[in-house]
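**Q** mmCIF, C-alpha atoms and all ligand atoms, saved as final26.cif, coming up:
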```
data_upload
loop_
_atom_site.label_atom_id
_atom_site.label_comp_id
_atom_site.auth_asym_id
_atom_site.auth_seq_id
_atom_site.Cartn_x
_atom_site.Cartn_y
_atom_site.Cartn_z
CA MET A 1 -60.32 58.06 -11.06
CA ASP A 2 -60.47 54.93 -8.92
CA LEU A 3 -61.00 55.98 -5.30
CA SER A 4 -61.72 52.48 -4.02
CA THR A 5 -59.65 50.97 -1.24
CA ARG A 6 -59.52 47.83 0.88
CA TYR A 7 -59.86 48.10 4.62
CA LEU A 8 -60.15 45.12 6.99
CA GLY A 9 -60.67 42.94 3.93
CA LEU A 10 -63.74 45.01 2.97
CA ALA A 11 -63.96 46.62 -0.47
CA LEU A 12 -64.74 50.31 0.11
CA ARG A 13 -65.76 52.75 -2.62
CA SER A 14 -63.73 55.57 -1.09
CA PRO A 15 -60.95 56.09 1.47
CA VAL A 16 -62.92 58.44 3.75
CA VAL A 17 -64.52 56.73 6.73
CA ALA A 18 -66.84 58.55 9.12
CA SER A 19 -65.36 57.70 12.52
CA CYS A 20 -67.35 57.37 15.75
CA GLY A 21 -69.11 60.54 16.75
CA PRO A 22 -72.52 62.15 17.08
CA LEU A 23 -73.18 62.08 13.30
CA THR A 24 -72.73 58.31 13.14
CA GLY A 25 -75.16 57.77 16.00
CA ARG A 26 -78.31 58.75 14.09
CA LEU A 27 -79.86 57.15 11.07
CA ASP A 28 -80.59 60.43 9.27
CA THR A 29 -77.02 61.75 9.54
CA LEU A 30 -75.64 58.28 8.75
CA ALA A 31 -77.66 58.38 5.53
CA GLU A 32 -76.26 61.85 4.73
CA LEU A 33 -72.71 60.54 5.22
CA ASP A 34 -73.52 57.58 2.98
CA ASP A 35 -74.94 59.89 0.28
CA ALA A 36 -71.82 62.06 0.51
CA GLY A 37 -69.69 59.03 -0.45
CA VAL A 38 -68.03 57.70 2.71
CA GLY A 39 -66.33 54.34 2.29
CA ALA A 40 -67.73 53.11 5.61
CA VAL A 41 -69.15 54.40 8.87
CA VAL A 42 -68.17 53.57 12.44
CA LEU A 43 -71.04 53.86 14.91
CA PRO A 44 -70.36 55.50 18.32
CA SER A 45 -68.91 53.19 20.92
CA LEU A 46 -71.00 51.02 23.13
CA PHE A 47 -69.29 51.27 26.52
CA GLU A 48 -68.18 48.48 28.83
CA GLU A 49 -69.75 50.44 31.69
CA GLN A 50 -73.14 50.33 29.97
CA LEU A 51 -72.88 46.62 29.35
CA THR A 52 -71.65 45.64 32.78
CA HIS A 53 -74.29 47.95 34.25
CA GLU A 54 -77.00 46.13 32.36
CA GLN A 55 -75.67 42.81 33.60
CA LEU A 56 -75.54 44.12 37.17
CA GLU A 57 -79.09 45.39 36.85
CA ILE A 58 -80.27 41.97 35.70
CA ASP A 59 -78.34 40.26 38.51
CA ALA A 60 -79.81 42.67 41.06
CA MET A 61 -83.33 42.11 39.80
CA LEU A 62 -82.89 38.37 39.83
CA SER A 63 -81.57 38.39 43.37
CA GLN A 64 -84.24 40.95 44.42
CA SER A 65 -81.55 42.86 46.25
CA ALA A 66 -82.33 46.55 46.58
CA GLU A 67 -78.85 47.14 47.94
CA GLY A 68 -77.23 45.41 44.96
CA PHE A 69 -79.32 47.49 42.61
CA GLY A 70 -78.28 50.76 44.25
CA GLU A 71 -74.67 49.76 43.97
CA ALA A 72 -75.14 48.87 40.33
CA MET A 73 -76.64 52.28 39.64
CA SER A 74 -73.66 54.05 41.14
CA PHE A 75 -71.32 52.42 38.61
CA PHE A 76 -73.22 53.85 35.69
CA PRO A 77 -71.81 57.05 34.23
CA ASP A 78 -74.25 59.33 32.54
CA LEU A 79 -74.04 58.00 29.03
CA SER A 80 -77.74 58.41 28.32
CA ASP A 81 -77.18 61.66 26.41
CA TYR A 82 -74.63 60.01 24.17
CA ASN A 83 -76.18 56.74 23.19
CA THR A 84 -79.27 54.94 24.15
CA GLY A 85 -78.03 51.70 25.60
CA PRO A 86 -77.34 48.22 24.33
CA ASP A 87 -80.73 47.29 22.86
CA ARG A 88 -81.18 50.49 20.92
CA TYR A 89 -77.56 50.23 19.79
CA LEU A 90 -78.22 46.79 18.30
CA ASP A 91 -81.27 48.27 16.54
CA LEU A 92 -79.11 51.10 15.18
CA VAL A 93 -76.66 48.58 13.73
CA ALA A 94 -79.50 46.65 12.08
CA ASP A 95 -81.23 49.81 10.79
CA ALA A 96 -77.98 51.31 9.50
CA LYS A 97 -77.19 48.05 7.75
CA GLU A 98 -80.57 48.04 6.04
CA ARG A 99 -80.51 51.70 5.06
CA LEU A 100 -76.89 52.36 4.05
CA SER A 101 -75.04 51.23 0.96
CA CYS A 102 -71.62 51.33 2.67
CA PRO A 103 -70.25 48.90 5.29
CA VAL A 104 -71.23 49.54 8.90
CA ILE A 105 -68.60 49.10 11.61
CA ALA A 106 -69.77 48.86 15.22
CA SER A 107 -67.55 50.05 18.07
CA LEU A 108 -67.05 48.58 21.51
CA ASN A 109 -65.22 50.53 24.19
CA GLY A 110 -63.65 48.84 27.15
CA THR A 111 -60.43 48.15 28.97
CA THR A 112 -60.99 44.89 30.82
CA GLU A 113 -61.93 41.40 29.80
CA GLY A 114 -65.32 40.25 30.98
CA GLY A 115 -68.83 39.17 30.10
CA TRP A 116 -69.44 42.35 28.16
CA VAL A 117 -67.22 41.18 25.29
CA ARG A 118 -70.05 38.83 24.28
CA TYR A 119 -71.64 41.98 22.82
CA ALA A 120 -69.17 41.75 19.97
CA LYS A 121 -71.07 38.65 18.86
CA LEU A 122 -74.43 40.41 19.22
CA LEU A 123 -73.14 43.33 17.14
CA GLU A 124 -72.06 40.91 14.47
CA GLU A 125 -75.45 39.18 14.57
CA ALA A 126 -77.14 42.57 14.22
CA GLY A 127 -75.29 42.94 10.92
CA ALA A 128 -72.05 44.81 11.68
CA ASP A 129 -69.53 44.29 8.88
CA ALA A 130 -66.63 44.68 11.33
CA ILE A 131 -66.03 45.53 14.98
CA GLU A 132 -63.76 48.34 16.13
CA LEU A 133 -62.47 47.90 19.65
CA ASN A 134 -61.84 51.33 21.13
CA VAL A 135 -59.34 50.86 23.94
CA TYR A 136 -59.32 54.13 25.85
CA LEU A 137 -56.99 53.28 28.68
CA VAL A 138 -55.46 55.88 30.98
CA ALA A 139 -52.63 53.95 32.63
CA ALA A 140 -52.60 55.82 35.96
CA ASP A 141 -51.75 52.93 38.30
CA ALA A 142 -48.12 53.28 39.42
CA GLU A 143 -48.11 49.62 40.48
CA ALA A 144 -48.92 48.39 36.98
CA THR A 145 -45.84 47.79 34.84
CA THR A 146 -45.64 48.58 31.13
CA GLU A 147 -45.93 44.85 30.37
CA GLU A 148 -49.06 44.56 32.51
CA VAL A 149 -50.68 47.59 30.93
CA GLU A 150 -49.90 46.40 27.41
CA ALA A 151 -51.16 42.91 28.23
CA ARG A 152 -54.57 44.49 28.81
CA TYR A 153 -54.71 45.43 25.14
CA THR A 154 -53.66 42.03 23.89
CA ASP A 155 -55.84 40.15 26.41
CA LEU A 156 -58.82 42.19 25.31
CA VAL A 157 -58.17 41.55 21.63
CA ALA A 158 -57.66 37.84 22.36
CA ALA A 159 -60.97 37.79 24.27
CA VAL A 160 -63.01 39.46 21.52
CA ARG A 161 -61.40 37.70 18.55
CA PRO A 162 -62.96 34.24 19.08
CA GLU A 163 -66.40 35.81 19.64
CA ILE A 164 -66.69 37.03 16.05
CA ALA A 165 -66.09 35.97 12.47
CA VAL A 166 -66.09 39.51 11.05
CA PRO A 167 -62.87 41.59 10.98
CA LEU A 168 -61.68 43.25 14.16
CA SER A 169 -59.88 46.59 14.30
CA VAL A 170 -58.33 48.15 17.37
CA LYS A 171 -58.32 51.90 18.06
CA VAL A 172 -55.57 53.06 20.39
CA GLY A 173 -53.98 56.25 21.67
CA ALA A 174 -50.37 57.13 20.90
CA GLN A 175 -48.91 56.59 24.36
CA PHE A 176 -46.74 53.53 23.91
CA THR A 177 -43.01 53.38 24.49
CA SER A 178 -42.46 51.48 21.26
CA ILE A 179 -45.39 51.95 18.93
CA PRO A 180 -44.14 49.40 16.34
CA ALA A 181 -43.54 46.66 18.95
CA SER A 182 -46.86 47.27 20.72
CA MET A 183 -48.80 47.38 17.44
CA GLN A 184 -47.15 44.12 16.32
CA ARG A 185 -48.32 42.49 19.54
CA ILE A 186 -51.88 43.74 19.11
CA VAL A 187 -51.91 42.36 15.57
CA ALA A 188 -50.44 39.05 16.75
CA ALA A 189 -53.26 38.85 19.33
CA GLY A 190 -55.80 38.88 16.51
CA ALA A 191 -56.42 42.43 15.24
CA ASP A 192 -57.04 42.77 11.50
CA GLY A 193 -56.59 46.52 11.56
CA LEU A 194 -55.17 49.37 13.62
CA VAL A 195 -56.90 52.73 14.04
CA LEU A 196 -54.26 55.32 14.92
CA PHE A 197 -54.67 57.37 17.06
CA ASN A 198 -57.59 58.04 19.33
CA ARG A 199 -57.50 61.51 20.89
CA PHE A 200 -57.14 61.34 24.64
CA TYR A 201 -59.16 64.19 26.04
CA GLN A 202 -57.47 66.09 28.82
CA PRO A 203 -59.71 67.18 31.68
CA ASP A 204 -59.73 70.80 32.81
CA ILE A 205 -60.06 72.46 36.22
CA ASP A 206 -62.90 74.91 36.75
CA LEU A 207 -61.39 77.79 38.73
CA GLU A 208 -64.73 78.79 40.23
CA THR A 209 -66.04 75.43 41.38
CA LEU A 210 -62.58 73.82 41.68
CA GLU A 211 -64.02 70.78 39.99
CA VAL A 212 -62.31 68.67 37.37
CA THR A 213 -64.40 69.14 34.26
CA PRO A 214 -64.55 67.40 30.89
CA ASN A 215 -63.18 69.39 28.00
CA LEU A 216 -63.83 68.49 24.40
CA VAL A 217 -62.24 70.65 21.73
CA LEU A 218 -62.49 69.51 18.12
CA SER A 219 -59.22 68.65 16.39
CA THR A 220 -57.24 70.72 13.89
CA SER A 221 -55.23 69.57 10.86
CA GLU A 222 -51.99 69.90 12.85
CA GLU A 223 -52.94 66.79 14.81
CA MET A 224 -52.82 64.48 11.82
CA ARG A 225 -49.01 64.65 11.74
CA LEU A 226 -48.66 62.31 14.73
CA PRO A 227 -50.69 59.43 13.27
CA MET A 228 -49.26 60.21 9.81
CA ARG A 229 -45.69 59.69 11.00
CA TRP A 230 -46.48 56.39 12.69
CA ILE A 231 -48.54 55.08 9.81
CA ALA A 232 -45.65 55.92 7.50
CA ILE A 233 -43.31 53.94 9.79
CA LEU A 234 -45.71 51.00 10.23
CA TYR A 235 -46.65 50.73 6.54
CA GLY A 236 -45.35 47.43 5.15
CA ARG A 237 -44.19 46.34 8.61
CA VAL A 238 -47.45 45.18 10.18
CA GLN A 239 -49.78 42.66 8.62
CA ALA A 240 -52.89 44.75 9.27
CA SER A 241 -55.03 47.43 7.71
CA LEU A 242 -54.19 50.96 8.80
CA ALA A 243 -56.71 53.71 9.48
CA LEU A 244 -55.62 57.24 10.30
CA THR A 245 -57.78 59.11 12.78
CA SER A 246 -57.28 62.60 14.30
CA GLY A 247 -56.98 65.83 12.40
CA VAL A 248 -58.24 64.92 8.93
CA HIS A 249 -60.03 68.11 7.85
CA THR A 250 -58.96 68.90 4.28
CA SER A 251 -58.27 67.02 1.05
CA GLU A 252 -54.58 67.76 1.65
CA ASP A 253 -54.80 65.91 4.99
CA LEU A 254 -56.55 63.05 3.23
CA ALA A 255 -53.91 62.84 0.48
CA LYS A 256 -51.09 62.87 3.06
CA ALA A 257 -52.74 60.10 5.10
CA LEU A 258 -52.88 57.89 2.00
CA LEU A 259 -49.36 58.76 0.86
CA ALA A 260 -48.07 57.79 4.31
CA GLY A 261 -49.77 54.41 3.96
CA ALA A 262 -53.24 54.60 5.48
CA ASP A 263 -55.88 52.41 3.84
CA VAL A 264 -58.50 54.89 4.99
CA ALA A 265 -58.59 58.30 6.64
CA MET A 266 -61.24 58.76 9.27
CA THR A 267 -63.03 61.97 10.12
CA THR A 268 -65.24 63.15 12.96
CA SER A 269 -64.39 66.79 13.80
CA ALA A 270 -64.47 68.00 10.18
CA VAL A 271 -67.94 66.60 9.52
CA LEU A 272 -69.16 67.97 12.84
CA LYS A 273 -67.89 71.42 11.79
CA HIS A 274 -68.93 71.42 8.14
CA GLY A 275 -71.67 68.79 7.90
CA ALA A 276 -71.80 65.40 6.20
CA ALA A 277 -71.58 66.94 2.71
CA HIS A 278 -67.94 67.86 3.50
CA VAL A 279 -67.03 64.25 2.66
CA GLY A 280 -68.07 64.94 -0.95
CA VAL A 281 -65.82 68.04 -1.01
CA LEU A 282 -62.86 66.01 0.32
CA LEU A 283 -63.33 63.33 -2.33
CA ARG A 284 -63.77 65.75 -5.25
CA GLU A 285 -60.69 67.72 -4.23
CA LEU A 286 -58.68 64.53 -3.77
CA GLU A 287 -59.67 63.46 -7.30
CA HIS A 288 -58.61 66.82 -8.65
CA TRP A 289 -55.20 66.64 -6.92
CA MET A 290 -54.68 63.04 -8.05
CA ALA A 291 -55.42 64.02 -11.65
CA GLU A 292 -52.89 66.87 -11.44
CA GLU A 293 -50.25 64.53 -9.99
CA GLU A 294 -51.14 61.83 -12.52
CA TYR A 295 -52.31 59.23 -10.04
CA GLU A 296 -55.01 56.94 -11.35
CA SER A 297 -56.07 55.18 -8.18
CA VAL A 298 -55.94 55.35 -4.40
CA THR A 299 -54.17 51.99 -4.45
CA GLN A 300 -51.35 53.53 -6.47
CA LEU A 301 -51.15 56.43 -4.01
CA LYS A 302 -51.15 54.37 -0.82
CA GLY A 303 -47.82 54.22 0.96
CA SER A 304 -45.89 55.98 -1.79
CA VAL A 305 -44.37 58.34 0.83
CA SER A 306 -44.20 55.74 3.61
CA GLN A 307 -40.89 55.30 5.40
CA GLU A 308 -39.97 52.27 3.29
CA ALA A 309 -40.79 54.09 0.03
CA THR A 310 -39.39 57.53 0.64
CA ALA A 311 -35.93 58.51 -0.55
CA ASP A 312 -35.17 59.85 2.94
CA PRO A 313 -36.38 57.34 5.59
CA ALA A 314 -34.57 59.24 8.37
CA ALA A 315 -36.98 62.13 7.83
CA PHE A 316 -39.58 60.14 9.79
CA GLU A 317 -37.14 59.65 12.68
CA ARG A 318 -34.65 61.63 14.77
CA ALA A 319 -32.96 63.36 11.85
CA ASN A 320 -36.18 65.25 11.42
CA TYR A 321 -35.73 66.78 14.89
CA ILE A 322 -32.49 68.51 14.02
CA GLU A 323 -33.79 69.59 10.62
CA THR A 324 -36.99 70.91 12.18
CA LEU A 325 -35.16 73.01 14.75
CA SER A 326 -32.84 74.50 12.18
CA SER A 327 -35.72 75.18 9.78
CA TYR A 328 -37.17 77.76 12.18
CA THR A 329 -36.17 81.24 11.11
CA THR A 330 -36.42 84.02 13.68
CA PRO A 331 -38.11 87.12 12.32
CA PHE A 332 -35.53 89.86 11.70
CA ARG A 333 -35.48 92.39 14.56
CA THR A 334 -34.00 95.88 14.47
C1 LIG A 401 -68.28 64.29 20.21
C2 LIG A 401 -67.38 63.14 19.91
C3 LIG A 401 -67.74 61.85 20.27
C4 LIG A 401 -66.87 60.77 20.03
N1 LIG A 401 -67.25 59.50 20.39
C5 LIG A 401 -66.40 58.47 20.16
C6 LIG A 401 -66.76 57.14 20.50
O1 LIG A 401 -67.86 56.86 21.00
N2 LIG A 401 -65.87 56.16 20.27
C7 LIG A 401 -64.65 56.38 19.71
O2 LIG A 401 -63.89 55.44 19.48
N3 LIG A 401 -64.28 57.63 19.36
C8 LIG A 401 -65.12 58.66 19.59
N4 LIG A 401 -64.75 59.92 19.23
C9 LIG A 401 -63.41 60.11 18.63
C10 LIG A 401 -63.50 60.18 17.10
O3 LIG A 401 -64.03 58.99 16.56
C11 LIG A 401 -62.14 60.46 16.48
O4 LIG A 401 -61.29 59.35 16.63
C12 LIG A 401 -61.46 61.67 17.07
O5 LIG A 401 -62.38 62.75 17.21
C13 LIG A 401 -60.30 62.16 16.20
O6 LIG A 401 -60.73 62.39 14.88
P1 LIG A 401 -61.08 63.85 14.35
O7 LIG A 401 -59.86 64.65 14.43
O8 LIG A 401 -61.52 63.62 12.91
O9 LIG A 401 -62.17 64.39 15.18
C14 LIG A 401 -65.61 61.01 19.42
C15 LIG A 401 -65.27 62.31 19.04
C16 LIG A 401 -66.12 63.37 19.27
C17 LIG A 401 -65.70 64.74 18.84
#
```
Would you mind giving the structure from this file in structure tokens?
**A**
Amino acid sequence: MDLSTRYLGLALRSPVVASCGPLTGRLDTLAELDDAGVGAVVLPSLFEEQLTHEQLEIDAMLSQSAEGFGEAMSFFPDLSDYNTGPDRYLDLVADAKERLSCPVIASLNGTTEGGWVRYAKLLEEAGADAIELNVYLVAADAEATTEEVEARYTDLVAAVRPEIAVPLSVKVGAQFTSIPASMQRIVAAGADGLVLFNRFYQPDIDLETLEVTPNLVLSTSEEMRLPMRWIAILYGRVQASLALTSGVHTSEDLAKALLAGADVAMTTSAVLKHGAAHVGVLLRELEHWMAEEEYESVTQLKGSVSQEATADPAAFERANYIETLSSYTTPFRT
């Protein structure tokens, strides 16, 4: 069975990619993921706030301004528990590159253009095989129009693109008015791949302290339907690699992602729940299913139930709404 796939122009041995998360932030767990057969790993994001903070710190030290330094400190969210800052991050890229047999993708998170995008170059120099730009943008400003908000994505991609020679993927949430049009624009700005979709975490309110608190719940398989639909619609229509992220837990989820048209399926929650070895289970079960269905390769599988390939393209659109509603059967009541 040939499980190999191409993603961002890279030849991967398998279609399961370990997406950003705690397990891709440590060399020992990265090695476990590699041993379990992942096609590639994406290291946790290095955040714009960390990078601008470092620059502000340097500026403050150079100008010997205690006031400037204090101000710089106040911009810095507490990321120290999550990753260890820019220098250690570059070391992690280099160490992962040396230790792992699969490609290593580094991730940069930010929403504005600025000096921090030069880190893309440093990540490449440290050995990253590709850069994933994680644009986690909560468009809360009522003065900013849709065009202005969307221009932030394309401006950012256009700013990072010339910094690097390696492929660039862009990870986005699902909140666009027209996903196909917006994705086309991101690709036209220079993205080689789209990672669909990031999960936007919703904050909670603590009823005792009345504070707004972070709330991270791991995904479930249900959530893969949203990216699956849009990958199925985008397949063959955008000139970019497609990665499905959110809700890939089982080999069934993995098979569906590929059938819809994903080049790779990414996983974070499932490996956090079951450990790195779960990747091996996903791949063995996928092979088993492919053999039963008489598929010989992932390439053959990819996109075979995309919108352009399926006998019923409307099933990915509005027709599905009516069918879904009428498919619900109320339990019989006496
Ligand atoms: C604890 C944790 C940390 C994460 N950190 C990052 C990150 O640094 N950058 C990023 O792009 N995504 C991050 N993610 C999102 C995952 O990469 C992934 O896109 C998301 O969890 C959906 O996939 P899943 O359903 O397989 O978990 C994180 C997820 C979790 C659970």
**Q** Using all atoms listed in the file, which of the listed residues (A:Glu49, A:Glu223, A:Glu113, A:Glu150) sits closest to Val138 (chain A)?
**A**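 Nearest candidate to Val138 (chain A) out of A:Glu49, A:Glu223, A:Glu113, A:Glu150: A:Glu150.
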**Q** If the limit is 6 Å from any atom of ligand LIG 401 (chain A), counting all atoms listed in the file, which residues qualify? Return them as JSON, numbers by chain.
**A** {"A": [19, 20, 21, 22, 44, 45, 134, 198, 199, 218, 219, 245, 246, 247, 248, 267, 268, 269, 270]}
**Q** What is the CA of Glu292 (chain A) to CA of His274 (chain A) distance in Å?
**A**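 Atom-to-atom, CA of Glu292 (chain A) and CA of His274 (chain A) are spaced 25.7 Å apart.
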**Q** Taking only C-alpha atoms into account, which of A:Leu234, A:Leu30, A:Ile131, A:Ala255 comes nearest Glu293 (chain A)?
**A**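 Selected residue with least distance to Glu293 (chain A): A:Ala255.
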**Q** Report the distance between CA of Ala159 (chain A) and CA of Glu124 (chain A) in Å, rounded to one decimal place.
**A**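 Spanning CA of Ala159 (chain A) to CA of Glu124 (chain A) is a straight-line distance of 15.1 Å.
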**Q** Between A:Val195, A:Leu286, A:Leu8, A:Val38, which one has atoms that come closest to Glu252 (chain A), using all atoms listed in the file?
**A**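 Of A:Val195, A:Leu286, A:Leu8, A:Val38, the one nearest Glu252 (chain A), counting all atoms listed in the file, is A:Leu286.
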**Q** Name the closest residue to Gln300 (chain A) among the candidates A:Val42, A:Gly261, A:Glu285, A:Val149; distances are taken between atoms, counting all atoms listed in the file.
**A** A:Gly261
**Q** Go ahead and fit an axis-aligned box to every listed atom of region 196-204 of chain A plus 3 Å each side, and pass me the centre and edge lengths in Å, one decimal, as AutoDock Vina command-line options.
**A**
```
--center_x -57.0 --center_y 63.1 --center_z 23.9 --size_x 11.5 --size_y 21.5 --size_z 23.9
```
**Q** Which residues are near His288 (chain A)? Cut-off 12 Å, all atoms listed in the file, ignore same chain within fewer than 4 positions. Put them as a VMD selection string.
**A** chain A and resid 1 3 251 to 252 255 281 to 284 292 to 297
**Q** Give me the residues near Ala96 (chain A) as an mmCIF file with C-alpha atoms, in the frame of the given file, where near means some atom within 10 Å (using all atoms listed in the file) and where sequence neighbours in that chain fewer than 6 positions away do not count.
**A**
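So around.cif came out as:
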```cif
data_model
loop_
_atom_site.group_PDB
_atom_site.id
_atom_site.type_symbol
_atom_site.label_atom_id
_atom_site.label_comp_id
_atom_site.auth_asym_id
_atom_site.auth_seq_id
_atom_site.Cartn_x
_atom_site.Cartn_y
_atom_site.Cartn_z
ATOM 1 C CA THR A 24 -72.730 58.310 13.140
ATOM 2 C CA GLY A 25 -75.160 57.770 16.000
ATOM 3 C CA ARG A 26 -78.310 58.750 14.090
ATOM 4 C CA LEU A 27 -79.860 57.150 11.070
ATOM 5 C CA ASP A 28 -80.590 60.430 9.270
ATOM 6 C CA LEU A 30 -75.640 58.280 8.750
ATOM 7 C CA ALA A 31 -77.660 58.380 5.530
ATOM 8 C CA VAL A 41 -69.150 54.400 8.870
ATOM 9 C CA LEU A 43 -71.040 53.860 14.910
ATOM 10 C CA LEU A 90 -78.220 46.790 18.300
ATOM 11 C CA CYS A 102 -71.620 51.330 2.670
ATOM 12 C CA PRO A 103 -70.250 48.900 5.290
ATOM 13 C CA VAL A 104 -71.230 49.540 8.900
ATOM 14 C CA ILE A 105 -68.600 49.100 11.610
ATOM 15 C CA ALA A 126 -77.140 42.570 14.220
ATOM 16 C CA GLY A 127 -75.290 42.940 10.920
ATOM 17 C CA ALA A 128 -72.050 44.810 11.680
#
```
**Q** What residues have an atom no more than 10 Å from (-55.9, 47.0, 1.7) in the file's own frame, counting all atoms listed in the file, and can you write them as a ChimeraX atom specification?
**A** /A:4-12,193,240-242,261-264,299,302
**Q** Hey, what's within 9 Å of Ala232 (chain A) if we count only C-alpha atoms and toss same-chain stuff fewer than 5 positions away? As an NGL selection string, please?
**A** :A and (227 or 257 or 259-262 or 303 or 305-308 or 316)
**Q** For region 116-130 of chain A, supply N, CA and C atoms and format the output as a CSV table (one decimal), in the frame of the given file.
**A**
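Result file is part.csv:
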```
chain,number,residue,atom,x,y,z
A,116,TRP,N,-69.0,41.4,29.1
A,116,TRP,CA,-69.4,42.4,28.2
A,116,TRP,C,-68.9,42.1,26.8
A,117,VAL,N,-67.8,41.4,26.6
A,117,VAL,CA,-67.2,41.2,25.3
A,117,VAL,C,-68.1,40.3,24.4
A,118,ARG,N,-69.1,39.6,25.1
A,118,ARG,CA,-70.0,38.8,24.3
A,118,ARG,C,-70.9,39.7,23.4
A,119,TYR,N,-70.9,41.0,23.7
A,119,TYR,CA,-71.6,42.0,22.8
A,119,TYR,C,-71.0,42.1,21.4
A,120,ALA,N,-69.8,41.7,21.3
A,120,ALA,CA,-69.2,41.8,20.0
A,120,ALA,C,-70.0,40.8,19.1
A,121,LYS,N,-70.3,39.7,19.6
A,121,LYS,CA,-71.1,38.6,18.9
A,121,LYS,C,-72.5,39.2,18.5
A,122,LEU,N,-73.1,39.9,19.5
A,122,LEU,CA,-74.4,40.4,19.2
A,122,LEU,C,-74.4,41.5,18.1
A,123,LEU,N,-73.3,42.3,18.2
A,123,LEU,CA,-73.1,43.3,17.1
A,123,LEU,C,-73.0,42.7,15.8
A,124,GLU,N,-72.2,41.6,15.7
A,124,GLU,CA,-72.1,40.9,14.5
A,124,GLU,C,-73.4,40.4,14.0
A,125,GLU,N,-74.1,39.7,14.9
A,125,GLU,CA,-75.4,39.2,14.6
A,125,GLU,C,-76.4,40.3,14.1
A,126,ALA,N,-76.3,41.5,14.7
A,126,ALA,CA,-77.1,42.6,14.2
A,126,ALA,C,-76.8,43.1,12.8
A,127,GLY,N,-75.6,42.6,12.3
A,127,GLY,CA,-75.3,42.9,10.9
A,127,GLY,C,-74.0,43.7,10.7
A,128,ALA,N,-73.3,44.0,11.8
A,128,ALA,CA,-72.0,44.8,11.7
A,128,ALA,C,-71.1,44.1,10.7
A,129,ASP,N,-70.5,44.9,9.8
A,129,ASP,CA,-69.5,44.3,8.9
A,129,ASP,C,-68.2,44.1,9.5
A,130,ALA,N,-67.9,44.8,10.6
A,130,ALA,CA,-66.6,44.7,11.3
A,130,ALA,C,-66.9,45.3,12.7
```
